[in-house]
Amino acid sequence: MPFTMNETLTVKRRAVGSYSATTGMSTPGTETELTITASVQPTSGKILERLEINRREKDVKTVYTHTEILNNDFIIIDTHEYEVNNVEDYSRHPFLQHYKVVATRKKDEGQRL
């Protein structure tokens, strides 16, 4: 499966936050952005069946990339944010090292998905 029609995408990743026992306050981690090259594809029915029921009706994309992606990262596709729900790691595959990522579109304010 060679990657064709590659796109340059932005990935948003939030570091783990911290908690202060003295003040009882938590501080969110910093957000970083990285740029990846990926192939964005429609998601098949079999993959949709593996998602939680509340995620099946949303706009779902399958992304193939050589860059490591983590669960709970966000990928920007066509100006919309997609939350990473599932990552399959094929980085040790001898023929084509890659990551297969399933991501669902975040609901925009006032929009029904």
# chains A, B, ... in the order shown; residues from 1 in each chain; ligands from 1
$ residues_around --residues "Ile36 (chain A)" --least-positions-apart "2" --cutoff "10 Å" --atoms "only C-alpha atoms" --output "number ranges by chain"
A: 6-11, 33-34, 38-39, 65-69, 75
$ select_by_dssp --residues "region 23-90 of chain A" --states "strand (DSSP E or B)" --output "number ranges by chain"
A: 25-27, 31-42, 60-65, 74-77, 80-89
$ atom_distance --atom1 "CA of Glu83 (chain A)" --atom2 "CA of Ser20 (chain A)"
28.2 Å
$ select_by_dssp --residues "region 14-52 of chain A" --states "helix (DSSP H, G or I)" --output "ChimeraX atom specification"
/A:45-50
$ closest_residue --among "A:Thr32, A:Ser18, A:Asn85, A:Thr43" --to "Asn71 (chain A)" --atoms "only C-alpha atoms"
A:Asn85
$ closest_residue --among "A:Arg50, A:Phe74, A:His80, A:Val60" --to "Val102 (chain A)" --atoms "only C-alpha atoms"
A:Val60
$ atom_distance --atom1 "CA of Gln41 (chain A)" --atom2 "CA of Val101 (chain A)"
10.2 Å
$ atom_distance --atom1 "CA of Arg13 (chain A)" --atom2 "CA of Val63 (chain A)"
16.2 Å
$ closest_residue --among "A:His98, A:Asp73, A:Ala15, A:Thr62" --to "Ile47 (chain A)" --atoms "only C-alpha atoms"
A:Thr62
$ decode --residues "region 36-95 of chain A" --atoms "C-alpha atoms" --output "compact mmCIF listing (two decimals), in the first residue's frame"
# COMPACT_ATOMS: atom_id res chain seq x y z
CA ILE A 36 3.15 15.39 8.99
CA THR A 37 2.79 14.00 5.51
CA ALA A 38 -0.16 11.63 5.27
CA SER A 39 -2.75 10.01 3.06
CA VAL A 40 -6.35 10.74 4.12
CA GLN A 41 -8.92 8.11 3.13
CA PRO A 42 -12.60 7.39 3.75
CA THR A 43 -13.22 4.94 6.59
CA SER A 44 -14.64 1.51 5.77
CA GLY A 45 -17.70 0.00 7.43
CA LYS A 46 -15.69 -2.64 9.28
CA ILE A 47 -13.55 0.03 10.93
CA LEU A 48 -16.65 2.06 11.81
CA GLU A 49 -18.14 -0.98 13.56
CA ARG A 50 -15.12 -1.09 15.90
CA LEU A 51 -15.72 2.49 17.08
CA GLU A 52 -17.86 3.38 20.07
CA ILE A 53 -21.50 3.75 19.08
CA ASN A 54 -21.54 7.52 19.75
CA ARG A 55 -18.64 8.02 17.30
CA ARG A 56 -20.01 6.01 14.36
CA GLU A 57 -22.33 8.75 13.13
CA LYS A 58 -19.64 11.41 12.99
CA ASP A 59 -17.38 12.30 10.09
CA VAL A 60 -14.61 9.68 10.33
CA LYS A 61 -11.33 9.59 8.39
CA THR A 62 -8.56 7.01 8.14
CA VAL A 63 -5.09 8.53 7.94
CA TYR A 64 -1.91 6.70 6.91
CA THR A 65 1.43 8.26 7.85
CA HIS A 66 5.05 7.41 8.59
CA THR A 67 5.02 9.74 11.63
CA GLU A 68 4.05 8.40 15.05
CA ILE A 69 0.60 9.61 16.06
CA LEU A 70 -0.82 9.19 19.57
CA ASN A 71 -4.35 8.60 20.82
CA ASN A 72 -5.96 11.92 21.80
CA ASP A 73 -3.89 13.90 19.28
CA PHE A 74 -5.85 16.16 16.96
CA ILE A 75 -5.30 16.23 13.18
CA ILE A 76 -6.37 19.23 11.09
CA ILE A 77 -7.98 18.03 7.84
CA ASP A 78 -9.56 20.62 5.51
CA THR A 79 -9.61 23.21 8.35
CA HIS A 80 -11.53 20.85 10.68
CA GLU A 81 -10.15 19.20 13.83
CA TYR A 82 -10.30 15.41 14.00
CA GLU A 83 -9.66 13.62 17.29
CA VAL A 84 -7.51 10.50 17.04
CA ASN A 85 -9.47 7.52 18.39
CA ASN A 86 -7.39 4.56 17.32
CA VAL A 87 -3.80 4.05 16.16
CA GLU A 88 -2.47 0.85 14.61
CA ASP A 89 1.32 0.73 14.72
CA TYR A 90 2.92 -0.92 11.69
CA SER A 91 6.29 0.76 12.27
CA ARG A 92 7.99 -2.64 12.63
CA HIS A 93 6.48 -3.98 9.41
CA PRO A 94 9.35 -5.01 7.10
CA PHE A 95 7.69 -3.88 3.87
